[in-house]
>>> print(open('data_19.csv').read())   # CSV, N, CA and C atoms
chain,number,residue,atom,x,y,z
A,559,MET,N,29.6,30.4,23.9
A,559,MET,CA,30.5,29.3,24.3
A,559,MET,C,29.9,28.0,24.1
A,560,ASN,N,30.7,27.0,23.5
A,560,ASN,CA,30.1,25.7,23.2
A,560,ASN,C,30.2,24.8,24.4
A,561,LYS,N,29.5,23.6,24.3
A,561,LYS,CA,29.5,22.7,25.4
A,561,LYS,C,30.9,22.1,25.8
A,562,GLU,N,31.7,21.9,24.8
A,562,GLU,CA,33.1,21.4,25.1
A,562,GLU,C,33.8,22.4,25.9
A,563,ASN,N,33.7,23.7,25.6
A,563,ASN,CA,34.4,24.7,26.4
A,563,ASN,C,33.9,24.8,27.8
A,564,VAL,N,32.6,24.6,28.0
A,564,VAL,CA,32.0,24.6,29.4
A,564,VAL,C,32.7,23.5,30.2
A,565,LEU,N,32.8,22.3,29.6
A,565,LEU,CA,33.4,21.2,30.3
A,565,LEU,C,34.9,21.5,30.6
A,566,LEU,N,35.6,22.0,29.6
A,566,LEU,CA,37.0,22.3,29.7
A,566,LEU,C,37.3,23.4,30.8
A,567,PHE,N,36.4,24.4,30.8
A,567,PHE,CA,36.6,25.4,31.8
A,567,PHE,C,36.5,25.0,33.2
A,568,LYS,N,35.8,23.8,33.4
A,568,LYS,CA,35.7,23.3,34.8
A,568,LYS,C,36.9,22.5,35.2
A,569,GLU,N,37.7,22.2,34.2
A,569,GLU,CA,38.9,21.4,34.5
A,569,GLU,C,39.9,22.2,35.4
A,570,LYS,N,40.5,21.6,36.4
A,570,LYS,CA,41.5,22.3,37.2
A,570,LYS,C,42.9,21.9,36.7
A,571,VAL,N,43.8,22.9,36.7
A,571,VAL,CA,45.1,22.7,36.3
A,571,VAL,C,46.1,23.2,37.4
A,572,GLN,N,47.3,22.6,37.4
A,572,GLN,CA,48.3,23.0,38.4
A,572,GLN,C,49.7,22.8,37.8
A,573,GLN,N,50.6,23.7,38.3
A,573,GLN,CA,52.0,23.5,37.9
A,573,GLN,C,52.5,22.1,38.3
A,574,VAL,N,53.3,21.5,37.5
A,574,VAL,CA,54.0,20.3,37.9
A,574,VAL,C,55.2,20.8,38.7
A,575,LYS,N,55.4,20.3,39.9
A,575,LYS,CA,56.4,20.8,40.8
A,575,LYS,C,57.8,20.3,40.3
A,576,GLY,N,58.8,21.0,40.8
A,576,GLY,CA,60.2,20.5,40.5
A,576,GLY,C,60.9,21.2,39.4
A,577,ASN,N,60.2,22.2,38.7
A,577,ASN,CA,60.9,22.9,37.7
A,577,ASN,C,61.6,24.1,38.3
A,578,ILE,N,62.6,24.6,37.7
A,578,ILE,CA,63.3,25.8,38.1
A,578,ILE,C,62.9,27.0,37.3
A,579,VAL,N,62.3,28.0,38.0
A,579,VAL,CA,61.7,29.1,37.4
A,579,VAL,C,62.4,30.4,37.8
A,580,SER,N,62.7,31.3,36.8
A,580,SER,CA,63.4,32.5,37.1
A,580,SER,C,62.8,33.6,36.3
A,581,ASP,N,62.9,34.8,36.9
A,581,ASP,CA,62.5,36.0,36.1
A,581,ASP,C,63.7,36.6,35.4
A,582,MET,N,63.5,36.9,34.1
A,582,MET,CA,64.6,37.5,33.4
A,582,MET,C,64.0,38.7,32.6
A,583,GLY,N,64.3,39.9,33.1
A,583,GLY,CA,63.8,41.1,32.4
A,583,GLY,C,62.3,41.1,32.3
A,584,GLY,N,61.6,40.6,33.3
A,584,GLY,CA,60.1,40.6,33.3
A,584,GLY,C,59.5,39.4,32.7
A,585,GLU,N,60.3,38.6,32.0
A,585,GLU,CA,59.8,37.4,31.4
A,585,GLU,C,60.2,36.2,32.3
A,586,LYS,N,59.3,35.2,32.2
A,586,LYS,CA,59.5,34.0,33.0
A,586,LYS,C,60.2,32.9,32.2
A,587,VAL,N,61.4,32.5,32.7
A,587,VAL,CA,62.2,31.4,32.1
A,587,VAL,C,62.2,30.2,33.0
A,588,MET,N,62.1,29.0,32.4
A,588,MET,CA,62.0,27.8,33.2
A,588,MET,C,62.9,26.7,32.7
A,589,LEU,N,63.4,25.9,33.6
A,589,LEU,CA,64.2,24.7,33.2
A,589,LEU,C,63.3,23.5,33.7
A,590,ASN,N,63.0,22.6,32.8
A,590,ASN,CA,62.3,21.4,33.1
A,590,ASN,C,63.3,20.4,33.5
A,591,ILE,N,63.4,20.0,34.8
A,591,ILE,CA,64.4,19.1,35.3
A,591,ILE,C,64.2,17.7,34.6
A,592,GLY,N,62.9,17.4,34.3
A,592,GLY,CA,62.6,16.1,33.7
A,592,GLY,C,63.2,15.8,32.4
A,593,ASN,N,63.2,16.8,31.5
A,593,ASN,CA,63.7,16.6,30.2
A,593,ASN,C,64.9,17.5,29.8
A,594,GLY,N,65.3,18.4,30.8
A,594,GLY,CA,66.5,19.2,30.6
A,594,GLY,C,66.3,20.4,29.6
A,595,LYS,N,65.0,20.6,29.2
A,595,LYS,CA,64.7,21.7,28.3
A,595,LYS,C,64.4,23.0,29.0
A,596,TYR,N,64.8,24.1,28.3
A,596,TYR,CA,64.6,25.5,28.8
A,596,TYR,C,63.4,26.0,28.0
A,597,TYR,N,62.6,26.8,28.7
A,597,TYR,CA,61.4,27.5,28.1
A,597,TYR,C,61.4,29.0,28.5
A,598,ASN,N,60.8,29.7,27.6
A,598,ASN,CA,60.5,31.1,27.9
A,598,ASN,C,59.0,31.3,27.8
A,599,LEU,N,58.4,31.7,28.9
A,599,LEU,CA,56.9,31.8,28.9
A,599,LEU,C,56.5,33.3,28.6
A,600,GLY,N,57.5,34.2,28.6
A,600,GLY,CA,57.1,35.6,28.3
A,600,GLY,C,56.5,36.2,29.6
A,601,THR,N,55.9,37.4,29.4
A,601,THR,CA,55.3,38.1,30.5
A,601,THR,C,53.9,37.6,30.8
A,602,ILE,N,53.0,37.5,29.8
A,602,ILE,CA,51.7,37.1,30.0
A,602,ILE,C,51.7,35.6,30.4
A,603,GLY,N,52.5,34.8,29.8
A,603,GLY,CA,52.6,33.4,30.1
A,603,GLY,C,53.1,33.2,31.5
A,604,GLY,N,54.0,34.1,32.0
A,604,GLY,CA,54.5,34.0,33.3
A,604,GLY,C,53.4,34.3,34.3
A,605,ASP,N,52.6,35.3,34.0
A,605,ASP,CA,51.4,35.7,34.8
A,605,ASP,C,50.5,34.5,35.0
A,606,ILE,N,50.2,33.8,33.8
A,606,ILE,CA,49.3,32.7,33.9
A,606,ILE,C,49.9,31.6,34.7
A,607,TRP,N,51.2,31.4,34.5
A,607,TRP,CA,51.9,30.3,35.3
A,607,TRP,C,51.8,30.5,36.8
A,608,GLU,N,51.9,31.8,37.2
A,608,GLU,CA,51.9,32.0,38.7
A,608,GLU,C,50.5,31.8,39.2
A,609,ARG,N,49.5,31.9,38.4
A,609,ARG,CA,48.1,31.6,38.8
A,609,ARG,C,47.8,30.1,39.0
A,610,MET,N,48.8,29.3,38.6
A,610,MET,CA,48.6,27.8,38.7
A,610,MET,C,49.4,27.2,39.8
A,611,SER,N,49.9,28.0,40.8
A,611,SER,CA,50.7,27.4,41.8
A,611,SER,C,49.8,26.4,42.7
A,612,GLU,N,48.5,26.6,42.7
A,612,GLU,CA,47.6,25.7,43.3
A,612,GLU,C,46.6,25.3,42.3
A,613,PRO,N,45.8,24.2,42.5
A,613,PRO,CA,44.8,23.8,41.5
A,613,PRO,C,43.8,24.9,41.3
A,614,VAL,N,43.6,25.3,40.0
A,614,VAL,CA,42.6,26.3,39.7
A,614,VAL,C,41.9,26.0,38.4
A,615,GLU,N,40.6,26.3,38.4
A,615,GLU,CA,39.8,26.0,37.2
A,615,GLU,C,40.3,26.9,36.0
A,616,ILE,N,40.3,26.3,34.8
A,616,ILE,CA,40.7,27.1,33.7
A,616,ILE,C,39.7,28.3,33.5
A,617,GLY,N,38.5,28.1,33.8
A,617,GLY,CA,37.5,29.2,33.6
A,617,GLY,C,37.8,30.4,34.6
A,618,GLN,N,38.3,30.0,35.8
A,618,GLN,CA,38.7,31.0,36.8
A,618,GLN,C,39.9,31.8,36.3
A,619,ILE,N,40.9,31.1,35.7
A,619,ILE,CA,42.1,31.8,35.2
A,619,ILE,C,41.6,32.8,34.1
A,620,ILE,N,40.8,32.4,33.2
A,620,ILE,CA,40.3,33.3,32.1
A,620,ILE,C,39.5,34.5,32.7
A,621,ALA,N,38.7,34.2,33.6
A,621,ALA,CA,37.9,35.3,34.2
A,621,ALA,C,38.8,36.4,34.9
A,622,ASP,N,39.9,35.9,35.6
A,622,ASP,CA,40.8,36.8,36.2
A,622,ASP,C,41.6,37.6,35.2
A,623,LEU,N,42.0,36.9,34.1
A,623,LEU,CA,42.7,37.6,33.0
A,623,LEU,C,41.9,38.7,32.4
A,624,LEU,N,40.6,38.4,32.2
A,624,LEU,CA,39.7,39.3,31.5
A,624,LEU,C,39.5,40.6,32.4
A,625,ASN,N,39.6,40.4,33.7
A,625,ASN,CA,39.5,41.6,34.6
A,625,ASN,C,40.8,42.4,34.6
A,626,TYR,N,41.9,41.8,34.3
A,626,TYR,CA,43.2,42.4,34.5
A,626,TYR,C,43.7,43.0,33.2
A,627,TYR,N,43.4,42.3,32.0
A,627,TYR,CA,43.9,42.7,30.7
A,627,TYR,C,42.9,43.2,29.8
A,628,ASP,N,43.3,44.1,28.9
A,628,ASP,CA,42.4,44.7,27.9
A,628,ASP,C,42.3,43.7,26.7
A,629,VAL,N,41.4,42.8,26.8
A,629,VAL,CA,41.3,41.7,25.7
A,629,VAL,C,39.8,41.2,25.7
A,630,ASP,N,39.3,40.9,24.5
A,630,ASP,CA,38.0,40.4,24.5
A,630,ASP,C,37.9,38.9,24.8
A,631,ARG,N,36.8,38.5,25.3
A,631,ARG,CA,36.6,37.1,25.9
A,631,ARG,C,37.0,36.0,24.9
A,632,GLU,N,36.5,36.1,23.7
A,632,GLU,CA,36.8,35.0,22.7
A,632,GLU,C,38.3,34.8,22.4
A,633,LYS,N,38.9,36.0,22.2
A,633,LYS,CA,40.4,35.9,21.9
A,633,LYS,C,41.1,35.4,23.1
A,634,CYS,N,40.8,35.8,24.3
A,634,CYS,CA,41.4,35.4,25.5
A,634,CYS,C,41.3,33.9,25.7
A,635,GLU,N,40.0,33.4,25.6
A,635,GLU,CA,39.8,32.0,25.8
A,635,GLU,C,40.6,31.1,24.8
A,636,GLU,N,40.6,31.5,23.5
A,636,GLU,CA,41.3,30.7,22.5
A,636,GLU,C,42.8,30.7,22.8
A,637,GLU,N,43.4,31.9,23.1
A,637,GLU,CA,44.8,31.9,23.2
A,637,GLU,C,45.3,31.3,24.5
A,638,VAL,N,44.5,31.4,25.6
A,638,VAL,CA,44.9,30.8,26.9
A,638,VAL,C,44.8,29.3,26.8
A,639,ILE,N,43.7,28.8,26.2
A,639,ILE,CA,43.6,27.4,26.1
A,639,ILE,C,44.7,26.7,25.3
A,640,ASN,N,45.0,27.4,24.2
A,640,ASN,CA,46.1,26.9,23.3
A,640,ASN,C,47.5,26.9,24.1
A,641,PHE,N,47.7,27.9,24.9
A,641,PHE,CA,48.9,28.0,25.7
A,641,PHE,C,48.9,26.9,26.8
A,642,LEU,N,47.8,26.7,27.4
A,642,LEU,CA,47.7,25.6,28.5
A,642,LEU,C,47.9,24.3,27.8
A,643,LEU,N,47.4,24.0,26.7
A,643,LEU,CA,47.6,22.8,26.0
A,643,LEU,C,49.0,22.5,25.7
A,644,HIS,N,49.7,23.6,25.3
A,644,HIS,CA,51.2,23.5,25.0
A,644,HIS,C,51.9,23.2,26.3
A,645,LEU,N,51.6,23.8,27.4
A,645,LEU,CA,52.2,23.6,28.7
A,645,LEU,C,52.0,22.1,29.1
A,646,HIS,N,50.8,21.6,28.8
A,646,HIS,CA,50.4,20.3,29.2
A,646,HIS,C,51.2,19.3,28.3
A,647,THR,N,51.3,19.6,27.1
A,647,THR,CA,52.1,18.7,26.1
A,647,THR,C,53.5,18.5,26.6
A,648,GLU,N,54.1,19.7,27.1
A,648,GLU,CA,55.5,19.7,27.6
A,648,GLU,C,55.6,19.2,29.0
A,649,LYS,N,54.4,18.7,29.6
A,649,LYS,CA,54.4,18.2,31.0
A,649,LYS,C,54.8,19.2,32.0
A,650,LEU,N,54.5,20.4,31.8
A,650,LEU,CA,54.8,21.5,32.7
A,650,LEU,C,53.6,21.8,33.7
A,651,ILE,N,52.4,21.4,33.2
A,651,ILE,CA,51.2,21.5,34.1
A,651,ILE,C,50.5,20.1,34.0
A,652,GLU,N,49.6,19.9,35.0
A,652,GLU,CA,48.8,18.7,35.1
A,652,GLU,C,47.4,19.0,35.3
A,653,MET,N,46.5,18.2,34.9
A,653,MET,CA,45.1,18.3,35.1
A,653,MET,C,44.8,17.7,36.5
A,654,LYS,N,44.0,18.4,37.3
A,654,LYS,CA,43.7,17.8,38.6
A,654,LYS,C,42.3,17.5,38.7
A,655,CYS,N,42.0,16.2,39.2
A,655,CYS,CA,40.6,15.8,39.3
A,655,CYS,C,40.2,15.9,40.8
A,656,ASP,N,39.0,16.3,41.1
A,656,ASP,CA,38.5,16.3,42.5
A,656,ASP,C,38.2,14.9,43.0
B,1481,MET,N,42.9,51.0,35.2
B,1481,MET,CA,43.1,50.8,33.7
B,1481,MET,C,43.7,49.4,33.5
B,1482,LYS,N,43.1,48.7,32.5
B,1482,LYS,CA,43.6,47.4,32.2
B,1482,LYS,C,44.9,47.4,31.5
B,1483,LYS,N,45.7,46.3,31.7
B,1483,LYS,CA,47.0,46.2,31.0
B,1483,LYS,C,46.9,45.7,29.6
B,1484,HIS,N,47.9,46.0,28.8
B,1484,HIS,CA,47.9,45.5,27.4
B,1484,HIS,C,48.1,44.0,27.3
B,1485,TRP,N,47.3,43.4,26.5
B,1485,TRP,CA,47.3,41.9,26.3
B,1485,TRP,C,48.2,41.5,25.2
B,1486,GLN,N,49.0,40.5,25.4
B,1486,GLN,CA,49.8,39.9,24.3
B,1486,GLN,C,49.5,38.4,24.3
B,1487,LYS,N,49.5,37.8,23.2
B,1487,LYS,CA,49.2,36.4,23.1
B,1487,LYS,C,50.3,35.6,23.9
B,1488,PRO,N,49.8,34.8,24.9
B,1488,PRO,CA,50.8,34.0,25.7
B,1488,PRO,C,51.4,32.9,24.8
B,1489,THR,N,52.7,32.8,24.9
B,1489,THR,CA,53.4,31.7,24.1
B,1489,THR,C,54.4,31.0,24.9
B,1490,LEU,N,54.6,29.7,24.6
B,1490,LEU,CA,55.6,28.9,25.3
B,1490,LEU,C,56.7,28.7,24.3
B,1491,GLU,N,57.8,29.4,24.5
B,1491,GLU,CA,59.0,29.3,23.5
B,1491,GLU,C,59.9,28.3,24.1
B,1492,VAL,N,60.2,27.2,23.3
B,1492,VAL,CA,61.2,26.2,23.7
B,1492,VAL,C,62.6,26.7,23.3
B,1493,LEU,N,63.4,27.0,24.2
B,1493,LEU,CA,64.7,27.6,23.9
B,1493,LEU,C,65.7,26.5,23.4
B,1494,ASP,N,66.6,27.0,22.5
B,1494,ASP,CA,67.5,26.0,21.8
B,1494,ASP,C,68.7,25.7,22.6
B,1495,MET,N,68.5,25.2,23.8
B,1495,MET,CA,69.6,24.7,24.6
B,1495,MET,C,69.1,23.7,25.6
B,1496,LYS,N,70.0,22.8,26.0
B,1496,LYS,CA,69.6,21.8,26.9
B,1496,LYS,C,70.6,21.7,28.1
B,1497,MET,N,70.1,21.3,29.2
B,1497,MET,CA,70.9,21.2,30.4
B,1497,MET,C,71.8,20.0,30.2
B,1498,THR,N,73.1,20.1,30.4
B,1498,THR,CA,74.0,19.0,30.3
B,1498,THR,C,74.7,18.7,31.6
B,1499,MET,N,74.9,17.4,31.9
B,1499,MET,CA,75.5,17.0,33.1
B,1499,MET,C,77.0,16.7,32.9
>>> encode(input="data_19.csv", output="structure tokens")
Amino acid sequence: MNKENVLLFKEKVQQVKGNIVSDMGGEKVMLNIGNGKYYNLGTIGGDIWERMSEPVEIGQIIADLLNYYDVDREKCEEEVINFLLHLHTEKLIEMKCD
Amino acid sequence: MKKHWQKPTLEVLDMKMTM
């Protein structure tokens, strides 16, 4: 793990409140009230989303997922961070500073 | 037993809320 990742994993993230979220056939679907856009987070994305109802460290999310899913660490870290960056770009999650 | 992993993706659906 490089130094940038260590710093990133200490960052806390949380859902931006006010979006409308629904389960459709096991997948999480969301309406962003701010921009009127609909999103499908899928099943794993929905699981990650639910873990961010309160501020949580990115490293903690990844550790929990590694315990729950059959995936190697490097693959999990890369895919989860890319997913979180996409959520952040769409203003669906926010970084929380202590 | 651990569950099967799939790459998490954020799919932007091709529809918008209209008022």
>>> closest_atom_pairs(input="data_19.csv", of="chain B", to="chain A", cutoff="5 Å", atoms="only N, CA and C atoms", output="JSON lines")
{"residue": "B:Lys1482", "atom": "C", "partner": "A:Asp628", "partner_atom": "N", "distance": 4.5}
{"residue": "B:Lys1483", "atom": "C", "partner": "A:Asp628", "partner_atom": "N", "distance": 4.0}
{"residue": "B:His1484", "atom": "N", "partner": "A:Asp628", "partner_atom": "N", "distance": 5.0}
{"residue": "B:Trp1485", "atom": "N", "partner": "A:Asp628", "partner_atom": "N", "distance": 4.7}
{"residue": "B:Pro1488", "atom": "CA", "partner": "A:Gly603", "partner_atom": "N", "distance": 4.5}
{"residue": "B:Thr1489", "atom": "C", "partner": "A:Leu599", "partner_atom": "CA", "distance": 4.8}
{"residue": "B:Leu1490", "atom": "CA", "partner": "A:Leu599", "partner_atom": "CA", "distance": 4.8}
{"residue": "B:Glu1491", "atom": "C", "partner": "A:Asn598", "partner_atom": "N", "distance": 3.9}
{"residue": "B:Val1492", "atom": "CA", "partner": "A:Tyr597", "partner_atom": "CA", "distance": 4.6}
{"residue": "B:Leu1493", "atom": "N", "partner": "A:Tyr596", "partner_atom": "C", "distance": 3.9}
{"residue": "B:Lys1496", "atom": "CA", "partner": "A:Gly594", "partner_atom": "C", "distance": 4.5}
{"residue": "B:Met1497", "atom": "N", "partner": "A:Gly594", "partner_atom": "C", "distance": 3.9}
>>> atom_distance(input="data_19.csv", atom1="atom CA of A:Gly592", atom2="atom CA of A:Lys654")
19.6 Å
>>> atom_distance(input="data_19.csv", atom1="atom C of A:Leu643", atom2="atom C of A:Glu585")
18.9 Å
>>> atom_distance(input="data_19.csv", atom1="atom C of A:Phe567", atom2="atom CA of A:Ser611")
16.8 Å
>>> select_by_dssp(input="data_19.csv", residues="chain A", states="strand (DSSP E)", output="VMD selection string")
chain A and resid 570 to 573 578 to 582 585 to 590 595 to 599 614 to 615 627 to 628 651 to 654
>>> write_last_selection(input="data_19.csv", atoms="N, CA and C atoms", output="compact mmCIF listing (two decimals), in the coordinates of the input")
# COMPACT_ATOMS: atom_id res chain seq x y z
N LYS A 570 40.50 21.60 36.40
CA LYS A 570 41.50 22.30 37.20
C LYS A 570 42.90 21.90 36.70
N VAL A 571 43.80 22.90 36.70
CA VAL A 571 45.10 22.70 36.30
C VAL A 571 46.10 23.20 37.40
N GLN A 572 47.30 22.60 37.40
CA GLN A 572 48.30 23.00 38.40
C GLN A 572 49.70 22.80 37.80
N GLN A 573 50.60 23.70 38.30
CA GLN A 573 52.00 23.50 37.90
C GLN A 573 52.50 22.10 38.30
N ILE A 578 62.60 24.60 37.70
CA ILE A 578 63.30 25.80 38.10
C ILE A 578 62.90 27.00 37.30
N VAL A 579 62.30 28.00 38.00
CA VAL A 579 61.70 29.10 37.40
C VAL A 579 62.40 30.40 37.80
N SER A 580 62.70 31.30 36.80
CA SER A 580 63.40 32.50 37.10
C SER A 580 62.80 33.60 36.30
N ASP A 581 62.90 34.80 36.90
CA ASP A 581 62.50 36.00 36.10
C ASP A 581 63.70 36.60 35.40
N MET A 582 63.50 36.90 34.10
CA MET A 582 64.60 37.50 33.40
C MET A 582 64.00 38.70 32.60
N GLU A 585 60.30 38.60 32.00
CA GLU A 585 59.80 37.40 31.40
C GLU A 585 60.20 36.20 32.30
N LYS A 586 59.30 35.20 32.20
CA LYS A 586 59.50 34.00 33.00
C LYS A 586 60.20 32.90 32.20
N VAL A 587 61.40 32.50 32.70
CA VAL A 587 62.20 31.40 32.10
C VAL A 587 62.20 30.20 33.00
N MET A 588 62.10 29.00 32.40
CA MET A 588 62.00 27.80 33.20
C MET A 588 62.90 26.70 32.70
N LEU A 589 63.40 25.90 33.60
CA LEU A 589 64.20 24.70 33.20
C LEU A 589 63.30 23.50 33.70
N ASN A 590 63.00 22.60 32.80
CA ASN A 590 62.30 21.40 33.10
C ASN A 590 63.30 20.40 33.50
N LYS A 595 65.00 20.60 29.20
CA LYS A 595 64.70 21.70 28.30
C LYS A 595 64.40 23.00 29.00
N TYR A 596 64.80 24.10 28.30
CA TYR A 596 64.60 25.50 28.80
C TYR A 596 63.40 26.00 28.00
N TYR A 597 62.60 26.80 28.70
CA TYR A 597 61.40 27.50 28.10
C TYR A 597 61.40 29.00 28.50
N ASN A 598 60.80 29.70 27.60
CA ASN A 598 60.50 31.10 27.90
C ASN A 598 59.00 31.30 27.80
N LEU A 599 58.40 31.70 28.90
CA LEU A 599 56.90 31.80 28.90
C LEU A 599 56.50 33.30 28.60
N VAL A 614 43.60 25.30 40.00
CA VAL A 614 42.60 26.30 39.70
C VAL A 614 41.90 26.00 38.40
N GLU A 615 40.60 26.30 38.40
CA GLU A 615 39.80 26.00 37.20
C GLU A 615 40.30 26.90 36.00
N TYR A 627 43.40 42.30 32.00
CA TYR A 627 43.90 42.70 30.70
C TYR A 627 42.90 43.20 29.80
N ASP A 628 43.30 44.10 28.90
CA ASP A 628 42.40 44.70 27.90
C ASP A 628 42.30 43.70 26.70
N ILE A 651 52.40 21.40 33.20
CA ILE A 651 51.20 21.50 34.10
C ILE A 651 50.50 20.10 34.00
N GLU A 652 49.60 19.90 35.00
CA GLU A 652 48.80 18.70 35.10
C GLU A 652 47.40 19.00 35.30
N MET A 653 46.50 18.20 34.90
CA MET A 653 45.10 18.30 35.10
C MET A 653 44.80 17.70 36.50
N LYS A 654 44.00 18.40 37.30
CA LYS A 654 43.70 17.80 38.60
C LYS A 654 42.30 17.50 38.70
>>> closest_residue(input="data_19.csv", among="A:Val614, A:Ala621, A:Ile651, A:Met582", to="A:Glu569", atoms="only N, CA and C atoms")
A:Val614
>>> select_by_dssp(input="data_19.csv", residues="chain A", states="alpha helix (DSSP H)", output="MDAnalysis selection string")
chainID A and resid 561:568 600:608 616:626 631:647
